[in-house]
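**Student:** Hey, dropping run.cif in here, mmCIF, C-alpha atoms:
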data_final
#
loop_
_atom_site.label_atom_id
_atom_site.label_comp_id
_atom_site.auth_asym_id
_atom_site.auth_seq_id
_atom_site.Cartn_x
_atom_site.Cartn_y
_atom_site.Cartn_z
CA MET A 21 132.67 82.22 228.00
CA SER A 22 133.65 81.45 224.43
CA GLN A 23 135.04 84.17 222.14
CA PRO A 24 132.58 85.12 219.37
CA VAL A 25 133.64 83.88 215.95
CA SER A 26 132.95 85.93 212.82
CA ALA A 27 131.52 84.42 209.66
CA PRO A 28 134.04 83.58 206.91
CA ASP A 29 132.65 86.29 204.64
CA ALA A 30 132.21 88.90 207.40
CA PRO A 31 133.49 92.42 206.63
CA ARG A 32 137.02 92.96 207.97
CA ILE A 33 137.31 95.96 210.28
CA LEU A 34 140.58 97.35 211.67
CA ILE A 35 140.58 99.31 214.95
CA VAL A 36 143.56 101.65 215.35
CA ASP A 37 144.16 103.21 218.79
CA ASP A 38 147.12 103.56 221.11
CA ASP A 39 144.78 102.88 224.07
CA ALA A 40 144.53 99.09 224.55
CA ALA A 41 141.26 99.36 226.50
CA VAL A 42 139.54 101.20 223.62
CA ARG A 43 140.85 98.68 221.09
CA ASP A 44 139.64 95.70 223.12
CA VAL A 45 136.19 97.08 223.87
CA ILE A 46 135.43 98.01 220.24
CA SER A 47 136.94 94.76 218.94
CA VAL A 48 134.75 92.58 221.18
CA LEU A 49 131.68 94.63 220.33
CA LEU A 50 132.31 94.19 216.61
CA MET A 51 132.93 90.44 216.97
CA GLU A 52 129.61 90.15 218.75
CA GLU A 53 127.97 91.95 215.84
CA GLY A 54 129.44 89.39 213.45
CA TYR A 55 132.30 91.42 212.04
CA ASP A 56 135.90 90.20 211.55
CA SER A 57 137.80 92.54 213.86
CA ILE A 58 141.57 93.14 214.05
CA THR A 59 143.58 95.81 215.84
CA ALA A 60 146.70 97.98 215.46
CA ILE A 61 148.38 100.29 217.97
CA ASP A 62 149.63 102.94 215.54
CA ALA A 63 149.36 104.29 212.00
CA ASP A 64 152.32 102.34 210.59
CA GLY A 65 150.97 99.06 211.96
CA ALA A 66 147.56 99.88 210.48
CA LEU A 67 149.03 100.39 207.01
CA ASP A 68 150.86 97.07 207.26
CA ALA A 69 147.64 95.28 208.25
CA VAL A 70 145.63 96.82 205.40
CA ALA A 71 148.38 96.00 202.90
CA ALA A 72 148.48 92.37 204.11
CA GLU A 73 144.78 91.68 203.58
CA ASP A 74 141.79 93.40 202.05
CA THR A 75 140.18 95.55 204.75
CA HIS A 76 136.67 96.92 204.40
CA LEU A 77 136.75 99.55 207.13
CA VAL A 78 139.29 101.27 209.40
CA ILE A 79 138.18 102.89 212.68
CA SER A 80 141.05 105.11 213.80
CA ASP A 81 141.80 107.44 216.68
CA LEU A 82 142.71 110.95 215.52
CA LYS A 83 145.34 111.66 218.19
CA MET A 84 148.09 109.05 218.44
CA PRO A 85 151.81 109.16 219.27
CA GLY A 86 153.98 109.49 216.17
CA ARG A 87 151.94 109.63 212.98
CA ASP A 88 148.39 110.71 213.77
CA GLY A 89 145.05 109.59 212.39
CA MET A 90 144.94 112.38 209.83
CA TRP A 91 148.18 111.11 208.25
CA LEU A 92 146.80 107.57 208.26
CA LEU A 93 143.59 108.80 206.59
CA ASP A 94 145.60 110.45 203.81
CA GLN A 95 147.66 107.30 203.20
CA LEU A 96 144.61 105.07 203.11
CA ARG A 97 142.80 107.32 200.62
CA LYS A 98 145.89 107.37 198.42
CA ASP A 99 146.96 103.71 198.56
CA HIS A 100 143.72 101.90 199.51
CA PRO A 101 140.83 104.01 198.19
CA ASP A 102 138.34 101.13 198.57
CA THR A 103 138.86 101.05 202.35
CA ALA A 104 136.32 103.19 204.26
CA VAL A 105 137.52 105.22 207.28
CA ILE A 106 135.73 106.36 210.44
CA MET A 107 137.65 108.76 212.71
CA LEU A 108 137.40 108.78 216.55
CA THR A 109 138.56 111.61 218.79
CA GLY A 110 138.16 112.87 222.31
CA PHE A 111 138.21 116.44 221.06
CA GLY A 112 134.82 117.52 219.81
CA ASP A 113 135.83 120.48 217.70
CA THR A 114 134.02 121.17 214.46
CA GLU A 115 137.22 122.10 212.62
CA ASN A 116 138.70 118.60 213.01
CA ALA A 117 135.44 116.96 211.99
CA VAL A 118 135.17 119.05 208.82
CA GLU A 119 138.83 118.41 207.96
CA CYS A 120 138.43 114.64 208.36
CA LEU A 121 135.37 114.57 206.14
CA ARG A 122 137.08 116.83 203.58
CA ARG A 123 139.98 114.38 203.34
CA GLY A 124 137.70 111.42 202.71
CA ALA A 125 136.54 109.97 206.02
CA VAL A 126 132.98 108.68 205.86
CA ASP A 127 132.17 109.61 209.47
CA TYR A 128 133.53 111.25 212.63
CA LEU A 129 132.62 110.09 216.19
CA LEU A 130 133.50 111.27 219.69
CA LYS A 131 135.23 108.91 222.14
CA PRO A 132 133.88 106.90 223.72
CA PRO A 133 131.24 106.37 221.03
CA LYS A 134 127.78 105.13 221.93
CA VAL A 135 127.23 101.56 220.78
CA THR A 136 124.22 102.48 218.67
CA ASP A 137 126.04 105.42 217.08
CA LEU A 138 129.09 103.26 216.32
CA ILE A 139 127.04 100.40 214.79
CA ARG A 140 125.02 102.80 212.65
CA ALA A 141 128.19 104.58 211.52
CA ILE A 142 129.73 101.22 210.57
CA GLU A 143 126.62 100.16 208.67
CA ARG A 144 126.56 103.49 206.78
CA ALA A 145 130.26 103.27 206.02
CA LEU A 146 130.06 99.69 204.73
CA ALA A 147 126.94 100.46 202.68
CA ARG A 148 128.66 103.47 201.12
CA ARG A 149 131.73 101.35 200.43
CA ARG A 150 129.64 98.68 198.71
CA VAL A 151 128.07 101.29 196.45
CA GLU A 152 131.46 102.84 195.68
CA VAL A 153 133.12 99.49 194.99
CA ALA A 154 130.21 98.45 192.75
CA ARG A 155 130.39 101.77 190.93
CA LYS A 156 134.13 101.38 190.32
CA ARG A 157 133.68 97.77 189.22
CA TYR A 158 130.97 98.84 186.79
CA GLN A 159 133.16 101.68 185.54
CA ARG A 160 136.11 99.34 184.98
CA THR A 161 133.87 96.86 183.18
CA LEU A 162 132.40 99.64 181.08
CA GLU A 163 135.84 101.04 180.25
CA ARG A 164 137.05 97.57 179.28
CA ARG A 165 134.03 97.04 177.03
CA VAL A 166 134.48 100.48 175.50
CA LEU A 167 138.12 99.68 174.79
CA GLU A 168 137.16 96.34 173.27
CA LYS A 169 134.43 97.89 171.12
CA THR A 170 136.71 100.79 170.19
CA SER A 171 139.37 98.33 169.12
CA GLU A 172 136.83 96.39 167.07
CA LEU A 173 135.47 99.59 165.53
CA THR A 174 138.97 100.88 164.80
CA SER A 175 139.83 97.60 163.13
CA ALA A 176 136.64 97.71 161.08
CA LEU A 177 137.20 101.33 160.10
CA ARG A 178 140.79 100.51 159.18
CA GLU A 179 139.56 97.76 156.89
CA VAL A 180 137.09 100.16 155.29
CA GLU A 181 139.81 102.79 155.01
CA ASN A 182 142.15 100.29 153.38
CA ALA A 183 139.41 99.30 150.95
CA TYR A 184 138.73 102.95 150.03
CA THR A 185 142.43 103.79 149.81
CA ASN A 186 143.22 100.76 147.70
CA THR A 187 140.26 101.56 145.44
CA LEU A 188 141.49 105.11 144.94
CA TYR A 189 145.03 103.88 144.40
CA ALA A 190 143.75 101.41 141.83
CA LEU A 191 141.85 104.22 140.10
CA VAL A 192 144.93 106.47 140.01
CA SER A 193 147.02 103.52 138.82
CA ALA A 194 144.46 102.78 136.09
CA LEU A 195 144.54 106.40 134.96
CA ASP A 196 148.34 106.23 134.86
CA ALA A 197 148.51 102.88 133.12
CA ARG A 198 146.20 103.89 130.25
CA GLU A 199 148.18 107.07 129.65
CA HIS A 200 151.74 106.15 130.49
CA GLU A 201 151.96 102.36 130.22
CA THR A 202 152.94 102.45 133.90
CA SER A 203 150.86 102.59 137.07
CA ASP A 204 153.49 104.46 139.09
CA HIS A 205 153.46 107.91 137.49
CA SER A 206 151.29 109.62 140.10
CA GLN A 207 153.17 107.98 142.96
CA ARG A 208 156.51 109.09 141.54
CA VAL A 209 155.21 112.62 141.08
CA VAL A 210 154.09 112.62 144.72
CA ARG A 211 157.59 111.61 145.81
CA TYR A 212 159.26 114.27 143.67
CA THR A 213 156.77 116.91 144.81
CA THR A 214 157.24 116.23 148.53
CA ALA A 215 161.04 116.10 148.17
CA ILE A 216 161.13 119.55 146.54
CA ALA A 217 158.58 120.90 149.02
CA ARG A 218 160.72 119.81 151.97
CA ILE A 219 163.70 121.68 150.55
CA LEU A 220 161.48 124.77 150.38
CA GLY A 221 160.67 124.31 154.07
CA VAL A 222 157.13 123.04 153.64
CA ALA A 223 156.02 120.92 156.61
CA GLU A 224 152.88 119.07 157.69
CA PRO A 225 150.00 119.52 157.31
CA GLU A 226 150.66 121.54 154.13
CA LEU A 227 153.06 118.87 152.87
CA GLY A 228 150.29 116.27 152.99
CA GLU A 229 147.92 118.64 151.17
CA MET A 230 150.44 119.01 148.33
CA ALA A 231 151.01 115.27 148.19
CA ARG A 232 147.28 114.59 147.87
CA GLY A 233 146.97 117.20 145.14
CA ALA A 234 149.86 115.61 143.24
CA LEU A 235 148.40 112.14 143.57
CA LEU A 236 144.99 113.19 142.25
CA HIS A 237 146.16 115.73 139.67
CA ASP A 238 144.59 113.94 136.67
CA ILE A 239 141.42 112.76 138.39
CA GLY A 240 139.44 115.15 136.19
CA LYS A 241 140.18 113.05 133.10
CA ILE A 242 137.50 110.72 134.34
CA GLY A 243 135.02 113.25 132.92
CA VAL A 244 136.62 113.62 129.48
CA PRO A 245 134.87 111.46 126.83
CA ASP A 246 136.71 108.44 125.45
CA ALA A 247 136.14 109.73 121.92
CA ILE A 248 138.53 112.57 122.71
CA LEU A 249 140.91 110.74 125.01
CA LEU A 250 141.38 107.83 122.59
CA LYS A 251 141.23 109.75 119.32
CA PRO A 252 144.10 108.40 117.16
CA GLY A 253 144.63 111.63 115.25
CA PRO A 254 145.19 115.26 116.25
CA LEU A 255 142.53 116.98 118.29
CA ASN A 256 140.62 119.84 116.70
CA SER A 257 140.11 123.10 118.56
CA THR A 258 136.78 122.03 120.04
CA GLU A 259 138.19 118.72 121.25
CA TRP A 260 141.25 120.42 122.66
CA GLU A 261 139.03 122.79 124.61
CA GLU A 262 137.20 119.76 126.02
CA MET A 263 140.53 118.17 126.99
CA ARG A 264 141.59 121.36 128.74
CA ARG A 265 138.53 121.09 131.01
CA HIS A 266 140.01 118.20 133.01
CA PRO A 267 141.60 120.43 135.73
CA ASP A 268 138.23 122.05 136.39
CA ILE A 269 136.44 118.69 136.34
CA GLY A 270 138.90 117.36 138.91
CA PHE A 271 138.40 120.49 141.00
CA GLN A 272 134.63 120.05 140.95
CA ILE A 273 134.98 116.43 142.08
CA LEU A 274 137.22 117.30 145.03
CA ARG A 275 136.12 120.77 146.20
CA SER A 276 133.13 119.58 148.27
CA ILE A 277 135.24 117.15 150.30
CA PRO A 278 136.57 119.01 153.38
CA PHE A 279 139.99 117.37 153.60
CA LEU A 280 140.60 117.86 149.85
CA ARG A 281 139.82 121.58 149.52
CA GLN A 282 143.50 122.52 149.38
CA PRO A 283 144.51 119.59 147.13
CA ALA A 284 141.62 120.60 144.85
CA GLU A 285 143.40 123.92 144.25
CA VAL A 286 146.52 122.00 143.15
CA VAL A 287 144.40 119.89 140.80
CA LEU A 288 142.74 123.00 139.34
CA SER A 289 146.07 124.78 138.83
CA HIS A 290 148.38 121.96 137.77
CA GLN A 291 148.40 123.10 134.09
CA GLU A 292 149.13 126.76 134.89
CA ARG A 293 152.46 128.31 133.86
CA PHE A 294 154.60 130.78 135.79
CA ASP A 295 154.43 133.26 132.90
CA GLY A 296 150.62 133.19 132.84
CA ARG A 297 150.22 131.25 129.59
CA GLY A 298 148.75 128.12 131.17
CA TYR A 299 145.18 127.03 131.74
CA PRO A 300 142.39 126.99 132.86
CA ARG A 301 142.61 130.42 134.57
CA GLY A 302 145.81 131.87 133.11
CA LEU A 303 147.27 132.47 136.58
CA LYS A 304 150.73 134.02 136.79
CA GLY A 305 153.62 133.84 139.26
CA GLU A 306 152.59 133.50 142.90
CA GLU A 307 148.92 133.61 141.93
CA ILE A 308 149.47 129.90 141.28
CA PRO A 309 149.31 127.83 144.50
CA LEU A 310 152.78 126.75 145.64
CA GLY A 311 151.79 123.08 145.48
CA ALA A 312 150.89 123.46 141.80
CA ARG A 313 154.16 125.29 141.06
CA ILE A 314 156.11 122.47 142.67
CA PHE A 315 154.01 119.85 140.93
CA ALA A 316 154.70 121.39 137.51
CA VAL A 317 158.43 120.69 137.93
CA ALA A 318 157.86 117.19 139.37
CA ASP A 319 155.37 116.25 136.66
CA THR A 320 157.60 117.41 133.80
CA LEU A 321 160.61 115.64 135.30
CA ASP A 322 158.73 112.33 135.41
CA ALA A 323 157.28 112.79 131.90
CA MET A 324 160.70 113.52 130.39
CA THR A 325 162.50 110.65 132.14
CA SER A 326 159.84 107.97 131.54
CA ASP A 327 160.02 105.60 128.57
CA ARG A 328 157.26 105.50 125.93
CA PRO A 329 156.72 102.86 123.23
CA TYR A 330 157.76 105.41 120.61
CA ARG A 331 160.60 107.11 122.51
CA GLN A 332 163.04 106.47 125.31
CA GLY A 333 163.04 108.58 128.46
CA THR A 334 165.81 111.15 128.77
CA THR A 335 168.38 111.30 131.57
CA PHE A 336 167.92 113.22 134.81
CA ALA A 337 170.73 115.53 133.73
CA ALA A 338 169.03 116.36 130.43
CA ALA A 339 165.65 116.87 132.12
CA ARG A 340 167.28 119.04 134.78
CA ALA A 341 168.93 121.24 132.12
CA GLU A 342 165.63 121.73 130.29
CA ILE A 343 163.74 122.57 133.50
CA VAL A 344 166.43 125.06 134.53
CA ARG A 345 166.30 126.64 131.06
CA CYS A 346 162.57 127.23 131.43
CA ALA A 347 162.72 128.77 134.90
CA GLY A 348 160.77 132.03 134.86
CA THR A 349 158.55 130.99 131.94
CA GLN A 350 157.23 127.49 132.48
CA PHE A 351 158.38 127.17 136.08
CA ASP A 352 158.80 129.16 139.29
CA PRO A 353 162.55 130.03 139.58
CA GLN A 354 162.47 129.49 143.35
CA VAL A 355 161.04 126.00 142.91
CA VAL A 356 163.62 125.23 140.23
CA ARG A 357 166.44 126.29 142.58
CA ALA A 358 165.07 123.90 145.22
CA PHE A 359 164.81 121.16 142.61
CA GLU A 360 168.47 121.71 141.66
CA GLU A 361 169.47 120.74 145.21
CA LEU A 362 168.35 117.17 144.49
CA SER A 363 171.20 115.19 142.95
CA ASP A 364 170.72 112.65 140.18
CA ALA A 365 171.27 109.96 142.83
CA ASP A 366 168.49 111.49 144.95
CA LEU A 367 166.13 111.51 141.99
CA ALA A 368 167.00 107.92 141.06
CA GLU A 369 166.28 106.79 144.62
CA LEU A 370 162.94 108.62 144.63
CA ARG A 371 162.02 107.10 141.27
CA LYS A 372 162.69 103.49 142.25
CA ARG A 373 161.23 103.72 145.77
CA PRO A 374 158.42 101.14 146.19
CA SER A 375 154.92 102.47 145.71
CA ASP A 376 152.78 102.96 148.79
CA PRO A 377 148.98 103.06 148.39
CA LYS A 378 148.72 105.34 151.43
CA GLN A 379 151.31 107.84 150.19
CA GLY A 380 149.83 111.31 150.22
CA TRP A 381 146.93 110.50 152.55
CA GLY A 382 148.43 111.03 156.03
CA GLN A 383 145.85 110.89 158.83
CA VAL A 384 142.74 111.22 156.70
CA PRO A 385 139.34 110.50 158.33
CA VAL A 386 138.05 107.28 156.88
CA GLY A 387 134.60 108.72 156.24
CA GLN A 388 136.10 111.44 154.07
CA VAL A 389 138.14 108.94 152.06
CA GLY A 390 134.84 107.19 151.40
CA GLN A 391 133.32 110.52 150.40
CA LEU A 392 136.05 110.91 147.80
CA ALA A 393 135.43 107.40 146.46
CA SER A 394 131.72 108.22 146.15
CA ALA A 395 132.45 111.53 144.42
CA VAL A 396 134.70 109.81 141.88
CA ALA A 397 132.09 107.11 141.24
CA ASN A 398 129.40 109.76 140.75
CA ALA A 399 131.62 111.68 138.35
CA ALA A 400 132.27 108.53 136.33
CA ALA A 401 128.54 107.78 136.17
CA ALA A 402 127.76 111.36 135.12
CA ALA A 403 130.33 111.05 132.34
CA GLY A 404 128.64 107.84 131.20
CA MET A 405 131.67 105.63 131.67
CA PRO A 406 132.61 102.82 134.10
CA VAL A 407 135.81 103.28 136.07
CA VAL A 408 137.32 100.08 134.71
CA GLY A 409 136.73 101.27 131.14
CA LEU A 410 138.39 104.66 131.41
CA GLY A 411 140.58 105.61 128.49
CA LEU A 412 143.32 108.19 128.84
CA ASP A 413 145.25 109.97 126.16
CA ARG A 414 148.97 109.24 126.41
CA ARG A 415 149.65 112.19 124.11
CA GLU A 416 148.54 114.64 126.81
CA ARG A 417 151.48 113.65 129.02
CA ASP A 418 153.90 113.86 126.14
CA ARG A 419 152.64 117.36 125.44
CA SER A 420 153.47 118.10 129.09
CA SER A 421 157.12 117.26 128.50
CA GLU A 422 157.39 118.54 124.95
CA ARG A 423 155.81 121.90 125.82
CA VAL A 424 159.06 122.76 127.63
CA VAL A 425 160.91 122.82 124.33
CA LEU A 426 158.04 124.54 122.52
CA THR A 427 157.87 127.25 125.14
CA SER A 428 161.57 127.89 125.10
CA ASN A 429 161.45 128.25 121.34
CA GLY A 430 158.84 130.96 121.62
#
What's the structure tokens form of this structure?
**Tutor:**
Amino acid sequence: MSQPVSAPDAPRILIVDDDAAVRDVISVLLMEEGYDSITAIDADGALDAVAAEDTHLVISDLKMPGRDGMWLLDQLRKDHPDTAVIMLTGFGDTENAVECLRRGAVDYLLKPPKVTDLIRAIERALARRRVEVARKRYQRTLERRVLEKTSELTSALREVENAYTNTLYALVSALDAREHETSDHSQRVVRYTTAIARILGVAEPELGEMARGALLHDIGKIGVPDAILLKPGPLNSTEWEEMRRHPDIGFQILRSIPFLRQPAEVVLSHQERFDGRGYPRGLKGEEIPLGARIFAVADTLDAMTSDRPYRQGTTFAAARAEIVRCAGTQFDPQVVRAFEELSDADLAELRKRPSDPKQGWGQVPVGQVGQLASAVANAAAAAGMPVVGLGLDRRERDRSSERVVLTSNG
């Protein structure tokens, strides 16, 4: 009588039992049912067989010399989770059956199993395996597609973020260029501000908040009319009052944007003085946000050391001496002491460091950067001026540096 031959695509079933008679009987039965049947005499041999070729189902005896069926079940669930397991035992206790099922076996049969019970158990096990394998395949495909789409979305958002950031950087640069004949003022002030803040022990996320406030400190000048900003002669009292509104205008632009609520306070307070003689609120001492107190030193340093068409910038040493002289009036003495820890070489390195459009933004949600761009555009429209046509008064910055001397002279 010829030995039954399984189909090439027949499910592969491994029978594991130390009893040769049991192995042979089940193996022949499975071959007759069209399955590809192989055998192993112990748990170690079973693991080797499963590792050598994909195995759909393992039918294992529970009690075997050496490593038992429970150990084999654990190893198969750990190393070959797609392989279904049916346990056989001559001991019909409920405790073993429950334990086998708890550890991941799909069924539990008594030896010797009835043919009908064994075939049905195999069919159930293979059907469950097919569903589980299909589910895992679908999950892997879904995860891969999610990763691909996430990567595409991240790339798209990064492009949008770059566009928003570059637009804002261009706006800040335009504000700087019209007032200072240089587009790097705000970036330099950010670098000075963060350097002093670090000496004072400020860390993220507060450091990033201060940097953003420094970068956007003059954003409110977008709402000051060109007739005042570009006026060739001295400003009268009414015009000067209008000019002094720019901190509040900047604050109003930024306050509604969640990630800029703290920077908005720096913008609002960047013209305050430690002695309470600043504007717009006349805050004094520690009533002024720390970021604004640090900014005041950084801003004056950059104003005094930057060249103008009608004057040459002073040295770091001269600017340092003037800032130190005004500690307690114009500036917070504690901030000035931190500033003094920066050498002239440190300041020179900070000044010449290449500009970075992302400086001061940290990990900012792209949607909120867009919200800022929209707020700035709306403010420009409300002021009746296009962004590209903004005019800024260079004299305002010179007043920032010259006020140090005026203050010290009473």
**Student:** Just so the selection is clear, what residues does the PyMOL selection byres ((chain A and resi 116) around 12) cover here, as a VMD selection string?
**Tutor:** chain A and resid 82 to 83 89 to 90 107 to 115 117 to 123 125 127 to 130
**Student:** Given the PyMOL selection byres ((chain A and resi 286) around 8) and the file above, list the residues it selects as a list in words.
**Tutor:** Met230, Gly233, Ala234, His237, Gln282, Pro283, Ala284, Glu285, Val287, Leu288, Ser289, His290, Pro309, Gly311 and Ala312 of chain A
**Student:** Find the residues around segment 359-366 of chain A up to 10 Å (all atoms listed in the file counted), leave out those fewer than 6 positions away in its own chain, and share them as a ChimeraX atom specification.
**Tutor:** /A:212-213,215-217,219-220,314,317-318,335-337,340-341,343-344,353
**Student:** The selected residues should be written to file as a CSV table (one decimal), keeping the file's coordinate frame (atoms: C-alpha atoms).
**Tutor:**
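What ended up in result_31.csv:
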chain,number,residue,atom,x,y,z
A,212,TYR,CA,159.3,114.3,143.7
A,213,THR,CA,156.8,116.9,144.8
A,215,ALA,CA,161.0,116.1,148.2
A,216,ILE,CA,161.1,119.6,146.5
A,217,ALA,CA,158.6,120.9,149.0
A,219,ILE,CA,163.7,121.7,150.6
A,220,LEU,CA,161.5,124.8,150.4
A,314,ILE,CA,156.1,122.5,142.7
A,317,VAL,CA,158.4,120.7,137.9
A,318,ALA,CA,157.9,117.2,139.4
A,335,THR,CA,168.4,111.3,131.6
A,336,PHE,CA,167.9,113.2,134.8
A,337,ALA,CA,170.7,115.5,133.7
A,340,ARG,CA,167.3,119.0,134.8
A,341,ALA,CA,168.9,121.2,132.1
A,343,ILE,CA,163.7,122.6,133.5
A,344,VAL,CA,166.4,125.1,134.5
A,353,PRO,CA,162.6,130.0,139.6
**Student:** By how many Å are atom CA of Thr349 of chain A and atom CA of Arg293 of chain A apart?
**Tutor:** 6.9 Å
**Student:** Take atom CA of Thr325 of chain A and atom CA of Val192 of chain A and report the distance between them in Å, one decimal.
**Tutor:**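 Separation between atom CA of Thr325 of chain A and atom CA of Val192 of chain A: 19.7 Å.
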**Student:** Measure the distance from atom CA of Gln354 of chain A to atom CA of Thr214 of chain A in Å and round it to one decimal.
**Tutor:**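 According to the coordinates, atom CA of Gln354 of chain A and atom CA of Thr214 of chain A are separated by 15.2 Å.
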**Student:** To verify the selection step, state as a PyMOL selection string which residues the PyMOL selection byres ((chain A and resi 371) around 9) yields on this input.
**Tutor:** chain A and resi 208-209+211-212+322+366-370+372-374
**Student:** May I have the residues within 10 Å of segment 91-100 of chain A as a ChimeraX atom specification, using all atoms listed in the file and disregarding those fewer than 6 positions away in the same chain?
**Tutor:** /A:36,62-64,66-67,70-71,74-76,78,80-82,106-107,120,123-125
**Student:** Kindly list the centre and edge lengths in Å, rounded to one decimal, for the axis-aligned box that covers all listed atoms of segment 146-151 of chain A plus 5 Å on each of its six sides, as JSON.
**Tutor:**
{"center_x": 129.3, "center_y": 101.1, "center_z": 200.6, "size_x": 14.8, "size_y": 14.8, "size_z": 18.3}
**Student:** For Ala316 of chain A, which of A:Leu177, A:Leu50, A:Val356, A:Leu34 is the closest residue, counting all atoms listed in the file?
**Tutor:** A:Val356
**Student:** Looking at A:Asp56, A:Asp102, A:Asp295, A:Asp352, which one is nearest to Arg149 of chain A, with distances taken over only C-alpha atoms?
**Tutor:**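 Among the listed residues, the smallest separation from Arg149 of chain A belongs to A:Asp102.
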**Student:** Point out the residue among A:Ile142, A:Ile273, A:Leu303, A:Ala323 with the least atom-to-atom distance to Asp204 of chain A, counting all atoms listed in the file.
**Tutor:**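 Among A:Ile142, A:Ile273, A:Leu303, A:Ala323, it is A:Ala323 that comes nearest to Asp204 of chain A.
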**Student:** Which of these residues is nearest to Glu143 of chain A, using all atoms listed in the file: A:Ile242, A:Ile46, A:Ile33, A:Ala72?
**Tutor:**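 Using all atoms listed in the file, Glu143 of chain A sits closest to A:Ile33.
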**Student:** Using only C-alpha atoms, which of A:Ala41, A:Leu310, A:Met84, A:Ile79 sits nearest Ser57 of chain A?
**Tutor:**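 Among the listed residues, the smallest separation from Ser57 of chain A belongs to A:Ile79.
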**Student:** Given the choices A:Ser175, A:Val45, A:Asn186, A:Gly86, which gets closest to Val135 of chain A if the distance is worked out from only C-alpha atoms?
**Tutor:**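 Selected residue with least distance to Val135 of chain A: A:Val45.
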